[in-house]
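Coordinates as given in work.csv (CSV, N, CA and C atoms):
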chain,number,residue,atom,x,y,z
A,273,MET,N,36.3,-0.6,22.9
A,273,MET,CA,36.9,-1.6,21.9
A,273,MET,C,36.0,-2.8,21.7
A,274,GLU,N,35.8,-3.2,20.5
A,274,GLU,CA,34.9,-4.4,20.2
A,274,GLU,C,35.6,-5.7,20.7
A,275,ALA,N,34.8,-6.5,21.3
A,275,ALA,CA,35.3,-7.8,21.7
A,275,ALA,C,35.6,-8.7,20.5
A,276,CYS,N,36.6,-9.5,20.7
A,276,CYS,CA,37.1,-10.3,19.5
A,276,CYS,C,37.3,-11.8,20.0
A,277,VAL,N,37.0,-12.7,19.2
A,277,VAL,CA,37.3,-14.1,19.5
A,277,VAL,C,38.4,-14.6,18.5
A,278,SER,N,39.2,-15.6,18.9
A,278,SER,CA,40.3,-16.0,18.0
A,278,SER,C,40.5,-17.5,18.2
A,279,ALA,N,41.2,-18.1,17.2
A,279,ALA,CA,41.6,-19.5,17.3
A,279,ALA,C,42.9,-19.6,16.5
A,280,ASP,N,43.7,-20.5,17.0
A,280,ASP,CA,45.0,-20.9,16.4
A,280,ASP,C,45.0,-22.4,16.0
A,281,LEU,N,45.4,-22.6,14.8
A,281,LEU,CA,45.5,-24.0,14.3
A,281,LEU,C,46.9,-24.3,13.9
A,282,GLN,N,47.3,-25.6,14.1
A,282,GLN,CA,48.6,-26.0,13.5
A,282,GLN,C,48.3,-27.3,12.8
A,283,VAL,N,48.6,-27.3,11.5
A,283,VAL,CA,48.3,-28.4,10.6
A,283,VAL,C,49.7,-29.0,10.2
A,284,PRO,N,50.0,-30.2,10.7
A,284,PRO,CA,51.3,-30.8,10.3
A,284,PRO,C,51.2,-31.5,8.9
A,285,PHE,N,52.3,-31.5,8.2
A,285,PHE,CA,52.4,-32.1,6.9
A,285,PHE,C,53.6,-33.1,7.0
A,286,PRO,N,53.7,-34.0,6.1
A,286,PRO,CA,54.9,-34.9,6.1
A,286,PRO,C,56.2,-34.2,5.8
A,287,SER,N,56.1,-33.1,5.1
A,287,SER,CA,57.4,-32.4,4.7
A,287,SER,C,57.1,-30.9,4.7
A,288,GLN,N,58.2,-30.1,4.8
A,288,GLN,CA,58.1,-28.6,4.7
A,288,GLN,C,57.6,-28.2,3.3
A,289,LYS,N,58.0,-29.0,2.3
A,289,LYS,CA,57.5,-28.7,0.9
A,289,LYS,C,56.0,-28.8,0.8
A,290,GLU,N,55.4,-29.8,1.4
A,290,GLU,CA,54.0,-30.0,1.3
A,290,GLU,C,53.3,-28.8,2.1
A,291,ALA,N,53.9,-28.4,3.2
A,291,ALA,CA,53.3,-27.3,4.0
A,291,ALA,C,53.3,-26.0,3.2
A,292,GLU,N,54.4,-25.8,2.4
A,292,GLU,CA,54.6,-24.7,1.6
A,292,GLU,C,53.6,-24.7,0.4
A,293,ILE,N,53.3,-25.9,-0.1
A,293,ILE,CA,52.3,-26.0,-1.2
A,293,ILE,C,51.0,-25.6,-0.7
A,294,ALA,N,50.6,-26.2,0.5
A,294,ALA,CA,49.3,-25.8,1.1
A,294,ALA,C,49.2,-24.3,1.4
A,295,PHE,N,50.3,-23.8,1.9
A,295,PHE,CA,50.3,-22.3,2.2
A,295,PHE,C,50.0,-21.5,0.9
A,296,GLY,N,50.8,-21.9,-0.1
A,296,GLY,CA,50.6,-21.2,-1.4
A,296,GLY,C,49.2,-21.3,-2.0
A,297,SER,N,48.6,-22.5,-1.8
A,297,SER,CA,47.2,-22.7,-2.3
A,297,SER,C,46.2,-22.0,-1.5
A,298,LEU,N,46.4,-22.0,-0.2
A,298,LEU,CA,45.3,-21.4,0.7
A,298,LEU,C,45.5,-19.9,0.9
A,299,SER,N,46.6,-19.4,0.6
A,299,SER,CA,46.8,-18.0,0.9
A,299,SER,C,46.2,-17.1,-0.2
A,300,VAL,N,45.9,-17.6,-1.3
A,300,VAL,CA,45.2,-16.8,-2.4
A,300,VAL,C,43.7,-16.6,-2.1
A,301,ASP,N,43.1,-17.4,-1.2
A,301,ASP,CA,41.7,-17.3,-0.9
A,301,ASP,C,41.6,-16.4,0.4
A,302,LYS,N,41.5,-15.1,0.2
A,302,LYS,CA,41.4,-14.2,1.3
A,302,LYS,C,40.0,-14.2,1.9
A,303,GLU,N,39.9,-13.8,3.2
A,303,GLU,CA,38.7,-13.7,3.9
A,303,GLU,C,37.9,-12.5,3.4
A,304,PRO,N,36.6,-12.6,3.2
A,304,PRO,CA,35.8,-11.4,2.8
A,304,PRO,C,35.9,-10.3,3.8
A,305,SER,N,36.2,-9.1,3.4
A,305,SER,CA,36.4,-8.0,4.3
A,305,SER,C,35.1,-7.6,5.1
A,306,ARG,N,33.9,-7.9,4.5
A,306,ARG,CA,32.7,-7.5,5.2
A,306,ARG,C,32.4,-8.3,6.5
A,307,GLY,N,33.0,-9.5,6.6
A,307,GLY,CA,32.8,-10.3,7.7
A,307,GLY,C,33.6,-10.0,9.0
A,308,GLY,N,34.7,-9.2,8.7
A,308,GLY,CA,35.5,-8.8,9.8
A,308,GLY,C,36.5,-9.9,10.3
A,309,VAL,N,36.6,-11.0,9.6
A,309,VAL,CA,37.5,-12.1,10.0
A,309,VAL,C,38.8,-11.8,9.4
A,310,VAL,N,39.9,-12.0,10.3
A,310,VAL,CA,41.2,-11.9,9.8
A,310,VAL,C,41.9,-13.2,10.0
A,311,ARG,N,42.6,-13.7,8.9
A,311,ARG,CA,43.3,-14.9,8.9
A,311,ARG,C,44.7,-14.7,8.6
A,312,THR,N,45.7,-15.1,9.4
A,312,THR,CA,47.1,-15.0,9.0
A,312,THR,C,47.7,-16.5,9.1
A,313,MET,N,48.6,-16.7,8.2
A,313,MET,CA,49.2,-18.0,8.1
A,313,MET,C,50.7,-17.9,7.9
A,314,CYS,N,51.4,-18.9,8.3
A,314,CYS,CA,52.8,-19.0,8.1
A,314,CYS,C,53.2,-20.5,8.1
A,315,VAL,N,54.4,-20.8,7.5
A,315,VAL,CA,54.9,-22.2,7.5
A,315,VAL,C,56.0,-22.2,8.6
A,316,ASP,N,56.0,-23.2,9.5
A,316,ASP,CA,57.0,-23.4,10.5
A,316,ASP,C,57.5,-24.8,10.3
A,317,ASN,N,58.6,-25.0,9.7
A,317,ASN,CA,59.1,-26.4,9.4
A,317,ASN,C,58.1,-27.1,8.5
A,318,ASN,N,57.5,-28.2,9.0
A,318,ASN,CA,56.6,-29.0,8.2
A,318,ASN,C,55.1,-28.7,8.7
A,319,SER,N,54.9,-27.6,9.4
A,319,SER,CA,53.5,-27.3,9.9
A,319,SER,C,53.1,-26.0,9.3
A,320,LEU,N,51.8,-25.9,9.0
A,320,LEU,CA,51.1,-24.7,8.6
A,320,LEU,C,50.4,-24.1,9.8
A,321,GLN,N,50.8,-22.9,10.2
A,321,GLN,CA,50.3,-22.3,11.4
A,321,GLN,C,49.2,-21.3,10.9
A,322,ILE,N,48.0,-21.3,11.5
A,322,ILE,CA,46.9,-20.4,11.1
A,322,ILE,C,46.4,-19.7,12.3
A,323,HIS,N,46.2,-18.4,12.2
A,323,HIS,CA,45.5,-17.7,13.3
A,323,HIS,C,44.3,-17.0,12.7
A,324,PHE,N,43.1,-17.2,13.3
A,324,PHE,CA,41.9,-16.5,13.0
A,324,PHE,C,41.5,-15.6,14.1
A,325,SER,N,41.0,-14.4,13.7
A,325,SER,CA,40.3,-13.6,14.7
A,325,SER,C,39.0,-13.0,14.0
A,326,ALA,N,38.0,-12.8,14.8
A,326,ALA,CA,36.7,-12.4,14.3
A,326,ALA,C,36.0,-11.6,15.4
A,327,PRO,N,35.1,-10.7,15.0
A,327,PRO,CA,34.3,-10.0,16.0
A,327,PRO,C,33.2,-10.9,16.7
A,328,GLU,N,32.8,-12.0,16.1
A,328,GLU,CA,31.8,-12.9,16.7
A,328,GLU,C,32.2,-14.3,16.5
A,329,ALA,N,31.8,-15.2,17.4
A,329,ALA,CA,32.1,-16.6,17.4
A,329,ALA,C,31.5,-17.2,16.1
A,330,ARG,N,30.3,-16.8,15.7
A,330,ARG,CA,29.6,-17.4,14.6
A,330,ARG,C,30.5,-17.2,13.3
A,331,MET,N,31.0,-16.0,13.2
A,331,MET,CA,31.8,-15.6,12.0
A,331,MET,C,33.1,-16.5,12.0
A,332,LEU,N,33.7,-16.6,13.2
A,332,LEU,CA,34.9,-17.4,13.3
A,332,LEU,C,34.6,-18.9,12.9
A,333,ARG,N,33.5,-19.4,13.4
A,333,ARG,CA,33.1,-20.8,13.0
A,333,ARG,C,33.0,-21.0,11.5
A,334,VAL,N,32.3,-20.1,10.9
A,334,VAL,CA,32.0,-20.2,9.5
A,334,VAL,C,33.4,-20.1,8.7
A,335,SER,N,34.2,-19.2,9.1
A,335,SER,CA,35.5,-19.0,8.5
A,335,SER,C,36.4,-20.3,8.6
A,336,ILE,N,36.4,-20.9,9.8
A,336,ILE,CA,37.2,-22.1,10.0
A,336,ILE,C,36.6,-23.2,9.3
A,337,ASN,N,35.3,-23.4,9.2
A,337,ASN,CA,34.7,-24.5,8.4
A,337,ASN,C,35.1,-24.3,7.0
A,338,SER,N,35.0,-23.1,6.4
A,338,SER,CA,35.3,-22.9,5.0
A,338,SER,C,36.8,-23.2,4.8
A,339,PHE,N,37.7,-22.8,5.7
A,339,PHE,CA,39.1,-23.1,5.6
A,339,PHE,C,39.4,-24.6,5.5
A,340,PHE,N,38.7,-25.3,6.4
A,340,PHE,CA,38.9,-26.8,6.4
A,340,PHE,C,38.4,-27.4,5.1
A,341,GLU,N,37.4,-26.9,4.5
A,341,GLU,CA,36.9,-27.5,3.3
A,341,GLU,C,38.0,-27.3,2.2
A,342,HIS,N,38.6,-26.1,2.2
A,342,HIS,CA,39.7,-25.8,1.2
A,342,HIS,C,40.9,-26.6,1.5
A,343,LEU,N,41.2,-26.8,2.8
A,343,LEU,CA,42.4,-27.5,3.2
A,343,LEU,C,42.2,-29.0,2.8
A,344,MET,N,41.1,-29.6,3.0
A,344,MET,CA,40.8,-31.0,2.6
A,344,MET,C,41.1,-31.1,1.1
A,345,LEU,N,40.6,-30.2,0.3
A,345,LEU,CA,40.8,-30.3,-1.2
A,345,LEU,C,42.3,-30.2,-1.5
A,346,VAL,N,43.1,-29.3,-0.8
A,346,VAL,CA,44.5,-29.2,-1.1
A,346,VAL,C,45.2,-30.5,-0.7
A,347,VAL,N,44.9,-31.1,0.5
A,347,VAL,CA,45.5,-32.4,0.9
A,347,VAL,C,45.2,-33.5,0.0
A,348,LYS,N,43.9,-33.6,-0.5
A,348,LYS,CA,43.5,-34.6,-1.4
A,348,LYS,C,44.3,-34.5,-2.8
A,349,THR,N,44.5,-33.2,-3.2
A,349,THR,CA,45.2,-33.0,-4.4
A,349,THR,C,46.7,-33.4,-4.3
A,350,ILE,N,47.3,-33.0,-3.1
A,350,ILE,CA,48.7,-33.4,-2.9
A,350,ILE,C,48.8,-35.0,-2.9
A,351,ASP,N,47.8,-35.6,-2.2
A,351,ASP,CA,47.8,-37.1,-2.2
A,351,ASP,C,47.7,-37.7,-3.6
A,352,GLN,N,46.8,-37.1,-4.4
A,352,GLN,CA,46.5,-37.6,-5.7
A,352,GLN,C,47.8,-37.6,-6.6
A,353,PHE,N,48.6,-36.5,-6.5
A,353,PHE,CA,49.7,-36.3,-7.4
A,353,PHE,C,51.0,-36.8,-6.7
A,354,GLY,N,50.9,-37.3,-5.5
A,354,GLY,CA,52.1,-37.8,-4.8
A,354,GLY,C,52.9,-36.8,-4.2
A,355,PRO,N,53.9,-37.1,-3.3
A,355,PRO,CA,54.7,-36.2,-2.6
A,355,PRO,C,55.5,-35.3,-3.6
A,356,PRO,N,55.8,-34.1,-3.3
A,356,PRO,CA,56.6,-33.2,-4.2
A,356,PRO,C,58.0,-33.7,-4.1
A,357,ARG,N,58.7,-33.5,-5.2
A,357,ARG,CA,60.2,-33.9,-5.3
A,357,ARG,C,61.0,-32.7,-5.3

Could you render the structure as structure tokens?
Amino acid sequence: MEACVSADLQVPFPSQKEAEIAFGSLSVDKEPSRGGVVRTMCVDNNSLQIHFSAPEARMLRVSINSFFEHLMLVVKTIDQFGPPR
């Protein structure tokens, strides 16, 4: 069996609605299948829970960096338009 590396992230938001908006925005951007990285996400109350697994640490790092770039854009967009009602 091939060795695998993984990482779990928890991103808190001010409300569950904002966590759900982030989940909806980030879930459409799937990981490329050729890299072997698997990302799963769920919303738990006001937190976005993310699990990454990859065959190599380098692939995991690239995937997490890319995810954070997208996450920062989502957070800035939510901030720009104000909290959801």

*With only C-alpha atoms as the basis for distance, which of A:Pro284, A:Phe339, A:Gly307, A:Asp301 is at the shortest distance from A:Ala326?*
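So, comparing all the options, the nearest one is A:Gly307.
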
*Enter the distance from atom CA of A:His342 to atom CA of A:Ser297, in Å, rounded to one decimal.*
8.8 Å

*Atom pair atom C of A:Asn318 / atom N of A:Gly296: separation (Å)*: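 Pair atom C of A:Asn318 / atom N of A:Gly296 returns 11.9 Å.
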
*Taking the backbone alone, and naming residues the way the document does, which bits of chain A are strand (DSSP E or B) by DSSP, as a list of chain:residue names?*
A:Val277, A:Ser278, A:Ala279, A:Asp280, A:Leu281, A:Gln282, A:Val283, A:Pro284, A:Val310, A:Arg311, A:Thr312, A:Met313, A:Cys314, A:Val315, A:Asp316, A:Ser319, A:Leu320, A:Gln321, A:Ile322, A:His323, A:Phe324, A:Ser325, A:Ala326

*Selected residue, from A:Val309, A:Cys276, A:Ala291, A:Cys314, that lies nearest to A:Met331 when counting all atoms listed in the file*: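 When distances to A:Met331 are compared using all atoms listed in the file, the smallest one comes from A:Val309.
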
*Which residue out of A:Leu298, A:Leu281, A:Met344, A:Val334 has the minimum interatomic distance to A:Leu320 when all atoms listed in the file are used?*
A:Leu281

*Around (36.6, -16.7, 8.1) in the file's own coordinates, what residues are found within 9 Å if you use only C-alpha atoms, given back as a ChimeraX atom specification?*
/A:302-304,307-311,324-326,331-339

*In chain A, what's helix (DSSP H, G or I) per DSSP? Answer as a PyMOL selection string?*
chain A and resi 288-299+305-307+329-353

*May I ask for the distance between atom C of A:Pro356 and atom N of A:Asp280, given in Å to one decimal place?*
28.7 Å
